[in-house]
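What follows is the content of structure02.cif, which has mmCIF, C-alpha atoms, pLDDT in the B column; chains and numbers go by the auth columns:
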data_input
#
loop_
_atom_site.group_PDB
_atom_site.id
_atom_site.type_symbol
_atom_site.label_atom_id
_atom_site.label_comp_id
_atom_site.label_asym_id
_atom_site.label_seq_id
_atom_site.Cartn_x
_atom_site.Cartn_y
_atom_site.Cartn_z
_atom_site.B_iso_or_equiv
_atom_site.auth_seq_id
_atom_site.auth_asym_id
ATOM 1 C CA ASP A 1 41.696 -47.108 42.132 73.00 1 X
ATOM 2 C CA GLY A 2 42.628 -46.710 38.501 76.00 2 X
ATOM 3 C CA PRO A 3 42.043 -44.617 35.364 79.00 3 X
ATOM 4 C CA VAL A 4 38.516 -45.958 34.697 78.00 4 X
ATOM 5 C CA ARG A 5 37.299 -45.267 38.231 76.00 5 X
ATOM 6 C CA ARG A 6 38.929 -41.820 38.202 78.00 6 X
ATOM 7 C CA HIS A 7 37.172 -41.004 34.912 79.00 7 X
ATOM 8 C CA LEU A 8 33.784 -42.208 36.167 76.00 8 X
ATOM 9 C CA ARG A 9 34.087 -39.941 39.216 80.00 9 X
ATOM 10 C CA SER A 10 35.198 -36.935 37.161 82.00 10 X
ATOM 11 C CA THR A 11 33.015 -33.944 36.341 87.00 11 X
ATOM 12 C CA ALA A 12 33.689 -34.502 32.616 89.00 12 X
ATOM 13 C CA ALA A 13 31.905 -37.876 32.805 87.00 13 X
ATOM 14 C CA HIS A 14 28.632 -36.226 33.849 90.00 14 X
ATOM 15 C CA ASN A 15 25.920 -34.122 32.203 93.00 15 X
ATOM 16 C CA THR A 16 26.821 -30.870 33.925 94.00 16 X
ATOM 17 C CA VAL A 17 28.871 -27.686 33.778 96.00 17 X
ATOM 18 C CA GLN A 18 32.536 -27.659 34.727 95.00 18 X
ATOM 19 C CA LEU A 19 34.214 -24.394 35.724 97.00 19 X
ATOM 20 C CA ASP A 20 37.920 -23.650 35.300 97.00 20 X
ATOM 21 C CA GLY A 21 38.685 -27.375 34.924 94.00 21 X
ATOM 22 C CA ALA A 22 37.916 -27.867 38.635 93.00 22 X
ATOM 23 C CA GLU A 23 36.313 -31.096 39.828 90.00 23 X
ATOM 24 C CA LEU A 24 32.949 -31.071 41.598 85.00 24 X
ATOM 25 C CA LEU A 25 34.114 -33.883 43.851 70.00 25 X
ATOM 26 C CA GLU A 26 37.523 -33.741 45.464 71.00 26 X
ATOM 27 C CA ALA A 27 38.306 -37.477 45.325 66.00 27 X
ATOM 28 C CA TRP A 28 40.835 -39.021 47.667 65.00 28 X
ATOM 29 C CA SER A 29 41.968 -42.512 46.723 65.00 29 X
ATOM 30 C CA SER A 30 39.204 -45.004 45.897 65.00 30 X
ATOM 31 C CA PHE A 31 36.530 -44.439 48.522 65.00 31 X
ATOM 32 C CA ARG A 32 37.146 -41.098 50.216 62.00 32 X
ATOM 33 C CA SER A 33 36.346 -37.565 49.180 65.00 33 X
ATOM 34 C CA GLY A 34 36.972 -34.053 50.402 66.00 34 X
ATOM 35 C CA ARG A 35 35.239 -30.919 49.201 68.00 35 X
ATOM 36 C CA ARG A 36 31.937 -31.500 47.416 72.00 36 X
ATOM 37 C CA GLY A 37 28.855 -29.480 46.657 83.00 37 X
ATOM 38 C CA ARG A 38 25.241 -29.852 47.640 89.00 38 X
ATOM 39 C CA ALA A 39 22.684 -30.295 44.877 91.00 39 X
ATOM 40 C CA GLN A 40 19.034 -29.348 44.980 95.00 40 X
ATOM 41 C CA VAL A 41 15.981 -29.439 42.755 97.00 41 X
ATOM 42 C CA ARG A 42 14.817 -25.821 42.779 97.00 42 X
ATOM 43 C CA ALA A 43 11.558 -26.232 40.854 97.00 43 X
ATOM 44 C CA ARG A 44 9.646 -28.553 38.570 97.00 44 X
ATOM 45 C CA GLY A 45 6.448 -28.402 36.611 96.00 45 X
ATOM 46 C CA GLY A 46 4.828 -28.793 33.256 93.00 46 X
ATOM 47 C CA ASP A 47 1.648 -29.067 31.286 89.00 47 X
ATOM 48 C CA ALA A 48 0.202 -31.544 28.800 88.00 48 X
ATOM 49 C CA ARG A 49 2.912 -30.654 26.291 90.00 49 X
ATOM 50 C CA ILE A 50 6.165 -29.853 28.152 94.00 50 X
ATOM 51 C CA ALA A 51 7.677 -31.053 31.454 96.00 51 X
ATOM 52 C CA TRP A 52 10.541 -29.139 33.061 97.00 52 X
ATOM 53 C CA LEU A 53 12.932 -29.262 36.017 98.00 53 X
ATOM 54 C CA VAL A 54 15.439 -26.761 37.456 98.00 54 X
ATOM 55 C CA ALA A 55 18.396 -28.055 39.491 97.00 55 X
ATOM 56 C CA ALA A 56 21.397 -26.288 41.027 96.00 56 X
ATOM 57 C CA HIS A 57 24.452 -26.952 43.182 94.00 57 X
ATOM 58 C CA ASP A 58 27.001 -24.990 45.187 94.00 58 X
ATOM 59 C CA GLY A 59 30.008 -27.140 44.289 93.00 59 X
ATOM 60 C CA TYR A 60 31.956 -24.182 42.877 95.00 60 X
ATOM 61 C CA ALA A 61 31.140 -21.617 45.578 94.00 61 X
ATOM 62 C CA TRP A 62 34.807 -21.774 46.652 94.00 62 X
ATOM 63 C CA LEU A 63 36.015 -20.364 43.308 95.00 63 X
ATOM 64 C CA PRO A 64 36.551 -16.587 42.954 97.00 64 X
ATOM 65 C CA GLY A 65 33.203 -14.826 42.428 97.00 65 X
ATOM 66 C CA ALA A 66 31.289 -17.721 44.089 97.00 66 X
ATOM 67 C CA PRO A 67 29.845 -19.101 40.819 97.00 67 X
ATOM 68 C CA ARG A 68 26.634 -21.138 41.046 96.00 68 X
ATOM 69 C CA PRO A 69 25.607 -23.374 38.103 97.00 69 X
ATOM 70 C CA GLN A 70 21.962 -24.163 37.440 97.00 70 X
ATOM 71 C CA ARG A 71 20.392 -26.270 34.711 97.00 71 X
ATOM 72 C CA LEU A 72 16.882 -26.183 33.262 98.00 72 X
ATOM 73 C CA TRP A 73 15.721 -29.340 31.515 97.00 73 X
ATOM 74 C CA ALA A 74 12.531 -28.985 29.433 96.00 74 X
ATOM 75 C CA ALA A 75 11.194 -31.916 27.415 95.00 75 X
ATOM 76 C CA SER A 76 8.391 -32.386 24.909 93.00 76 X
ATOM 77 C CA ALA A 77 7.590 -35.189 22.482 91.00 77 X
ATOM 78 C CA ASP A 78 9.740 -33.593 19.779 91.00 78 X
ATOM 79 C CA ALA A 79 12.494 -31.644 21.579 93.00 79 X
ATOM 80 C CA LEU A 80 14.725 -31.512 24.647 95.00 80 X
ATOM 81 C CA TRP A 81 15.978 -28.119 25.793 95.00 81 X
ATOM 82 C CA VAL A 82 18.953 -28.000 28.185 97.00 82 X
ATOM 83 C CA ILE A 83 19.721 -24.468 29.393 97.00 83 X
ATOM 84 C CA ASP A 84 22.641 -23.790 31.708 97.00 84 X
ATOM 85 C CA ALA A 85 23.031 -20.589 33.695 97.00 85 X
ATOM 86 C CA VAL A 86 26.038 -19.748 35.836 97.00 86 X
ATOM 87 C CA THR A 87 25.590 -16.801 38.190 97.00 87 X
ATOM 88 C CA GLY A 88 28.270 -15.176 40.284 97.00 88 X
ATOM 89 C CA GLY A 89 31.182 -13.007 39.216 97.00 89 X
ATOM 90 C CA GLY A 90 34.565 -12.985 37.571 97.00 90 X
ATOM 91 C CA VAL A 91 35.944 -14.509 34.382 98.00 91 X
ATOM 92 C CA HIS A 92 35.713 -18.309 34.227 98.00 92 X
ATOM 93 C CA ARG A 93 36.191 -21.093 31.690 97.00 93 X
ATOM 94 C CA VAL A 94 32.793 -22.763 31.299 97.00 94 X
ATOM 95 C CA GLU A 95 32.409 -26.249 29.807 97.00 95 X
ATOM 96 C CA SER A 96 28.830 -27.479 29.479 96.00 96 X
ATOM 97 C CA ARG A 97 28.488 -31.189 28.664 96.00 97 X
ATOM 98 C CA LEU A 98 25.761 -33.515 27.456 95.00 98 X
ATOM 99 C CA HIS A 99 26.356 -37.228 26.731 95.00 99 X
ATOM 100 C CA LEU A 100 24.451 -39.173 24.066 95.00 100 X
ATOM 101 C CA HIS A 101 23.952 -42.925 24.450 95.00 101 X
ATOM 102 C CA PRO A 102 25.572 -44.953 21.617 94.00 102 X
ATOM 103 C CA ASP A 103 22.199 -46.554 20.761 95.00 103 X
ATOM 104 C CA ALA A 104 20.586 -43.142 20.138 90.00 104 X
ATOM 105 C CA PRO A 105 19.630 -43.144 16.423 89.00 105 X
ATOM 106 C CA ALA A 106 21.675 -40.212 15.084 85.00 106 X
ATOM 107 C CA ASP A 107 19.493 -39.870 11.969 87.00 107 X
ATOM 108 C CA ARG A 108 16.357 -39.197 14.080 90.00 108 X
ATOM 109 C CA PHE A 109 17.497 -36.027 15.885 91.00 109 X
ATOM 110 C CA ASP A 110 19.792 -33.049 15.548 91.00 110 X
ATOM 111 C CA VAL A 111 21.610 -30.996 18.169 93.00 111 X
ATOM 112 C CA VAL A 112 22.000 -27.220 18.255 92.00 112 X
ATOM 113 C CA ALA A 113 24.120 -25.173 20.684 94.00 113 X
ATOM 114 C CA LEU A 114 22.492 -22.314 22.576 94.00 114 X
ATOM 115 C CA GLY A 115 24.361 -19.119 23.424 91.00 115 X
ATOM 116 C CA ASP A 116 27.756 -17.958 22.252 88.00 116 X
ATOM 117 C CA ALA A 117 29.813 -21.118 22.886 90.00 117 X
ATOM 118 C CA PRO A 118 30.521 -23.303 19.830 91.00 118 X
ATOM 119 C CA LEU A 119 29.444 -26.958 19.909 94.00 119 X
ATOM 120 C CA ARG A 120 32.159 -29.609 19.927 94.00 120 X
ATOM 121 C CA ARG A 121 31.551 -33.366 19.612 94.00 121 X
ATOM 122 C CA GLU A 122 33.928 -35.792 21.332 94.00 122 X
ATOM 123 C CA SER A 123 34.088 -39.504 21.941 94.00 123 X
ATOM 124 C CA ALA A 124 33.669 -40.618 25.559 93.00 124 X
ATOM 125 C CA PRO A 125 33.665 -44.062 27.177 92.00 125 X
ATOM 126 C CA LEU A 126 30.414 -45.601 28.398 91.00 126 X
ATOM 127 C CA HIS A 127 30.744 -48.328 31.038 86.00 127 X
ATOM 128 C CA GLU A 128 27.319 -49.970 31.275 85.00 128 X
ATOM 129 C CA ARG A 129 28.593 -53.320 32.567 86.00 129 X
ATOM 130 C CA PHE A 130 31.749 -54.394 34.336 84.00 130 X
ATOM 131 C CA GLY A 131 34.504 -55.039 31.808 83.00 131 X
ATOM 132 C CA GLU A 132 32.483 -53.658 28.855 89.00 132 X
ATOM 133 C CA THR A 133 33.170 -50.248 27.353 90.00 133 X
ATOM 134 C CA ARG A 134 31.478 -48.602 24.386 93.00 134 X
ATOM 135 C CA ALA A 135 32.025 -45.200 22.802 94.00 135 X
ATOM 136 C CA MET A 136 29.349 -42.560 23.134 94.00 136 X
ATOM 137 C CA ALA A 137 29.164 -38.965 21.924 94.00 137 X
ATOM 138 C CA ARG A 138 29.913 -36.180 24.388 95.00 138 X
ATOM 139 C CA LEU A 139 28.695 -32.733 23.337 96.00 139 X
ATOM 140 C CA VAL A 140 30.672 -29.830 24.768 96.00 140 X
ATOM 141 C CA CYS A 141 30.049 -26.081 24.647 96.00 141 X
ATOM 142 C CA GLU A 142 33.155 -24.298 25.951 96.00 142 X
ATOM 143 C CA THR A 143 33.910 -20.628 26.443 96.00 143 X
ATOM 144 C CA GLU A 144 35.883 -18.299 28.675 97.00 144 X
ATOM 145 C CA THR A 145 33.513 -15.589 29.818 97.00 145 X
ATOM 146 C CA LEU A 146 32.574 -13.036 32.420 97.00 146 X
ATOM 147 C CA LEU A 147 29.780 -14.300 34.658 97.00 147 X
ATOM 148 C CA PRO A 148 26.814 -14.409 34.657 97.00 148 X
ATOM 149 C CA TRP A 149 26.532 -16.645 31.569 97.00 149 X
ATOM 150 C CA ALA A 150 23.915 -18.845 29.893 97.00 150 X
ATOM 151 C CA GLY A 151 24.124 -21.466 27.147 96.00 151 X
ATOM 152 C CA GLY A 152 23.193 -25.065 26.486 96.00 152 X
ATOM 153 C CA PHE A 153 21.751 -27.460 23.943 95.00 153 X
ATOM 154 C CA VAL A 154 18.584 -28.246 22.009 94.00 154 X
ATOM 155 C CA LEU A 155 17.915 -31.759 20.727 94.00 155 X
ATOM 156 C CA ARG A 156 15.215 -31.756 18.033 92.00 156 X
ATOM 157 C CA PHE A 157 13.416 -34.920 16.960 90.00 157 X
ATOM 158 C CA GLY A 158 11.331 -35.904 13.920 84.00 158 X
ATOM 159 C CA ALA A 159 9.658 -32.978 12.188 72.00 159 X
ATOM 160 C CA ARG A 160 11.725 -30.480 14.210 77.00 160 X
ATOM 161 C CA ILE A 161 14.999 -31.594 12.583 80.00 161 X
ATOM 162 C CA GLY A 162 16.376 -28.734 10.523 78.00 162 X
ATOM 163 C CA ALA A 163 13.803 -26.216 11.841 83.00 163 X
ATOM 164 C CA PRO A 164 14.931 -22.588 12.189 88.00 164 X
ATOM 165 C CA LEU A 165 17.594 -22.178 14.857 89.00 165 X
ATOM 166 C CA PRO A 166 16.395 -21.379 18.372 92.00 166 X
ATOM 167 C CA SER A 167 17.587 -18.211 20.106 94.00 167 X
ATOM 168 C CA LEU A 168 18.606 -17.718 23.729 96.00 168 X
ATOM 169 C CA ALA A 169 18.675 -14.295 25.411 96.00 169 X
ATOM 170 C CA PHE A 170 20.093 -13.824 28.924 97.00 170 X
ATOM 171 C CA ASP A 171 20.319 -10.591 30.921 96.00 171 X
ATOM 172 C CA GLY A 172 22.072 -12.040 33.961 94.00 172 X
ATOM 173 C CA THR A 173 18.844 -12.778 35.817 95.00 173 X
ATOM 174 C CA SER A 174 16.384 -14.153 33.273 96.00 174 X
ATOM 175 C CA ALA A 175 16.822 -16.427 30.262 97.00 175 X
ATOM 176 C CA ARG A 176 14.398 -16.560 27.340 97.00 176 X
ATOM 177 C CA LEU A 177 14.477 -19.312 24.737 96.00 177 X
ATOM 178 C CA ARG A 178 12.528 -18.917 21.512 94.00 178 X
ATOM 179 C CA ALA A 179 12.212 -21.961 19.292 89.00 179 X
ATOM 180 C CA THR A 180 9.775 -23.222 16.702 85.00 180 X
ATOM 181 C CA GLY A 181 6.387 -23.399 18.421 86.00 181 X
ATOM 182 C CA VAL A 182 7.565 -22.579 21.957 91.00 182 X
ATOM 183 C CA SER A 183 8.891 -19.801 24.181 94.00 183 X
ATOM 184 C CA ILE A 184 10.475 -20.638 27.549 96.00 184 X
ATOM 185 C CA ALA A 185 11.146 -17.899 30.112 97.00 185 X
ATOM 186 C CA TRP A 186 13.293 -18.773 33.142 98.00 186 X
ATOM 187 C CA ASN A 187 13.943 -16.446 36.056 98.00 187 X
ATOM 188 C CA VAL A 188 17.242 -17.854 37.297 97.00 188 X
ATOM 189 C CA ALA A 189 17.055 -16.001 40.636 95.00 189 X
ATOM 190 C CA THR A 190 13.628 -17.350 41.634 96.00 190 X
ATOM 191 C CA ALA A 191 13.575 -20.568 39.527 96.00 191 X
ATOM 192 C CA ASP A 192 10.228 -19.511 38.025 96.00 192 X
ATOM 193 C CA VAL A 193 9.637 -21.060 34.593 97.00 193 X
ATOM 194 C CA SER A 194 6.967 -20.033 32.101 95.00 194 X
ATOM 195 C CA VAL A 195 6.300 -21.998 28.915 93.00 195 X
ATOM 196 C CA GLN A 196 4.151 -20.614 26.105 91.00 196 X
ATOM 197 C CA SER A 197 3.117 -22.291 22.887 83.00 197 X
ATOM 198 C CA MET A 198 3.576 -20.103 19.846 75.00 198 X
ATOM 199 C CA GLY A 199 1.482 -20.440 16.698 59.00 199 X
#
Take the structure I supplied and represent it as structure tokens, if you would.
Amino acid sequence: DGPVRRHLRSTAAHNTVQLDGAELLEAWSSFRSGRRGRAQVRARGGDARIAWLVAAHDGYAWLPGAPRPQRLWAASADALWVIDAVTGGGVHRVESRLHLHPDAPADRFDVVALGDAPLRRESAPLHERFGETRAMARLVCETETLLPWAGGFVLRFGARIGAPLPSLAFDGTSARLRATGVSIAWNVATADVSVQSMG
């Protein structure tokens, strides 16, 4: 047990949503745990241009309003879209995180926040090997909001850098992302995803 191990087991050390500062894993000492959620891949698919995956967990079902986070990852050769949706009820503090490896060439991509939460960049420790720690960038979108909520990140590479900002619309059930050259529709309730190329 110690501060490094406690950090590595924390929700903040992972690419996920944290609600109300609560941990996804109730850790007891070094090797025991209490309450924890169950994760599942809800859907996956793609075409020649874009691959996508939807995953969810019930790790926060014990909070008021039984919130349920889900994340859609969609990747192409020139962009990565990360859309978070949290269904359920009540007002909650939502922190969505995405970590960037320190070797990622910062001049070859840009990052844009989706939704109404501002983007914050922090330094976070990366422990790739025992006894070696490097600093990496942790992107955080944080807001206090009434659920349901959607937000996330877009990483744009190469020619997409500096393109017009993408937009995300969410009606509590379905999310629609519009970005340069692509439209992604996600039915959060059914995990159906539709991707259309736009001229």
Seminar exercise, completed: Judged by only C-alpha atoms, the minimum distance to Ser96 in chain X among X:Ala77, X:Ala13, X:Ala191, X:Leu165 is found for X:Ala13
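When CA of Asp107 in chain X is paired with CA of Ala48 in chain X, their separation reads 26.9 Å.
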Exercise. To one decimal place, how far is CA of Pro69 in chain X from CA of Val94 in chain X in Å?
Worked result: 9.9 Å
Run through the PyMOL selection byres ((chain X and resi 90) around 10) on the given coordinates and return the selected residues as a compact mmCIF listing (two decimals) with C-alpha atoms, keeping the file's coordinate frame.
# COMPACT_ATOMS: atom_id res chain seq x y z
CA LEU X 63 36.02 -20.36 43.31
CA PRO X 64 36.55 -16.59 42.95
CA GLY X 65 33.20 -14.83 42.43
CA ALA X 66 31.29 -17.72 44.09
CA PRO X 67 29.84 -19.10 40.82
CA THR X 87 25.59 -16.80 38.19
CA GLY X 88 28.27 -15.18 40.28
CA GLY X 89 31.18 -13.01 39.22
CA VAL X 91 35.94 -14.51 34.38
CA HIS X 92 35.71 -18.31 34.23
CA THR X 145 33.51 -15.59 29.82
CA LEU X 146 32.57 -13.04 32.42
CA LEU X 147 29.78 -14.30 34.66
CA PRO X 148 26.81 -14.41 34.66
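We find CA of Pro166 in chain X and CA of Phe153 in chain X to be spaced 9.8 Å apart.
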Problem set entry | Sel. within 12 Å of pt (39.4, -30.7, 35.4), counting all atoms listed in the file, output as a list in words | Arg6, His7, Arg9, Ser10, Thr11, Ala12, Ala13, Val17, Gln18, Leu19, Asp20, Gly21, Ala22, Glu23, Leu24, Leu25, Glu26, Arg93, Val94 and Glu95 of chain X
For this session: Could you tell me which residues the PyMOL selection byres ((chain X and resi 174) around 9) grabs in this file, written as a PyMOL selection string?
Result: chain X and resi 169-173+175-176+185-189
Could those residues be written to a file, using C-alpha atoms, as a PDB file, in the frame of the given file?
ATOM      1  CA  ALA X 169      18.675 -14.295  25.411  1.00 96.00           C
ATOM      2  CA  PHE X 170      20.093 -13.824  28.924  1.00 97.00           C
ATOM      3  CA  ASP X 171      20.319 -10.591  30.921  1.00 96.00           C
ATOM      4  CA  GLY X 172      22.072 -12.040  33.961  1.00 94.00           C
ATOM      5  CA  THR X 173      18.844 -12.778  35.817  1.00 95.00           C
ATOM      6  CA  ALA X 175      16.822 -16.427  30.262  1.00 97.00           C
ATOM      7  CA  ARG X 176      14.398 -16.560  27.340  1.00 97.00           C
ATOM      8  CA  ALA X 185      11.146 -17.899  30.112  1.00 97.00           C
ATOM      9  CA  TRP X 186      13.293 -18.773  33.142  1.00 98.00           C
ATOM     10  CA  ASN X 187      13.943 -16.446  36.056  1.00 98.00           C
ATOM     11  CA  VAL X 188      17.242 -17.854  37.297  1.00 97.00           C
ATOM     12  CA  ALA X 189      17.055 -16.001  40.636  1.00 95.00           C
TER      13      ALA X 189
END
For this session: Using the chain letters and numbers from the file, give me the residues hit by the PyMOL selection byres ((chain X and resi 140) around 7), as number ranges by chain.
Result: X: 95-98, 119-121, 138-139, 141-142
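Nearest residue to Asp47 in chain X, choosing from X:Val195, X:Ala113, X:Ala124, X:Ile184 and counting only C-alpha atoms: X:Val195.
Nearest to Leu8 in chain X of all the residues X:Gln70, X:Ser183, X:Thr133, X:Ser76 is X:Thr133, based on all atoms listed in the file.
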Exercise. Of the candidates X:Phe130, X:Tyr60, X:Trp81, X:Phe109, which one gets nearest to Ile161 in chain X if we count all atoms listed in the file?
Worked result: X:Phe109
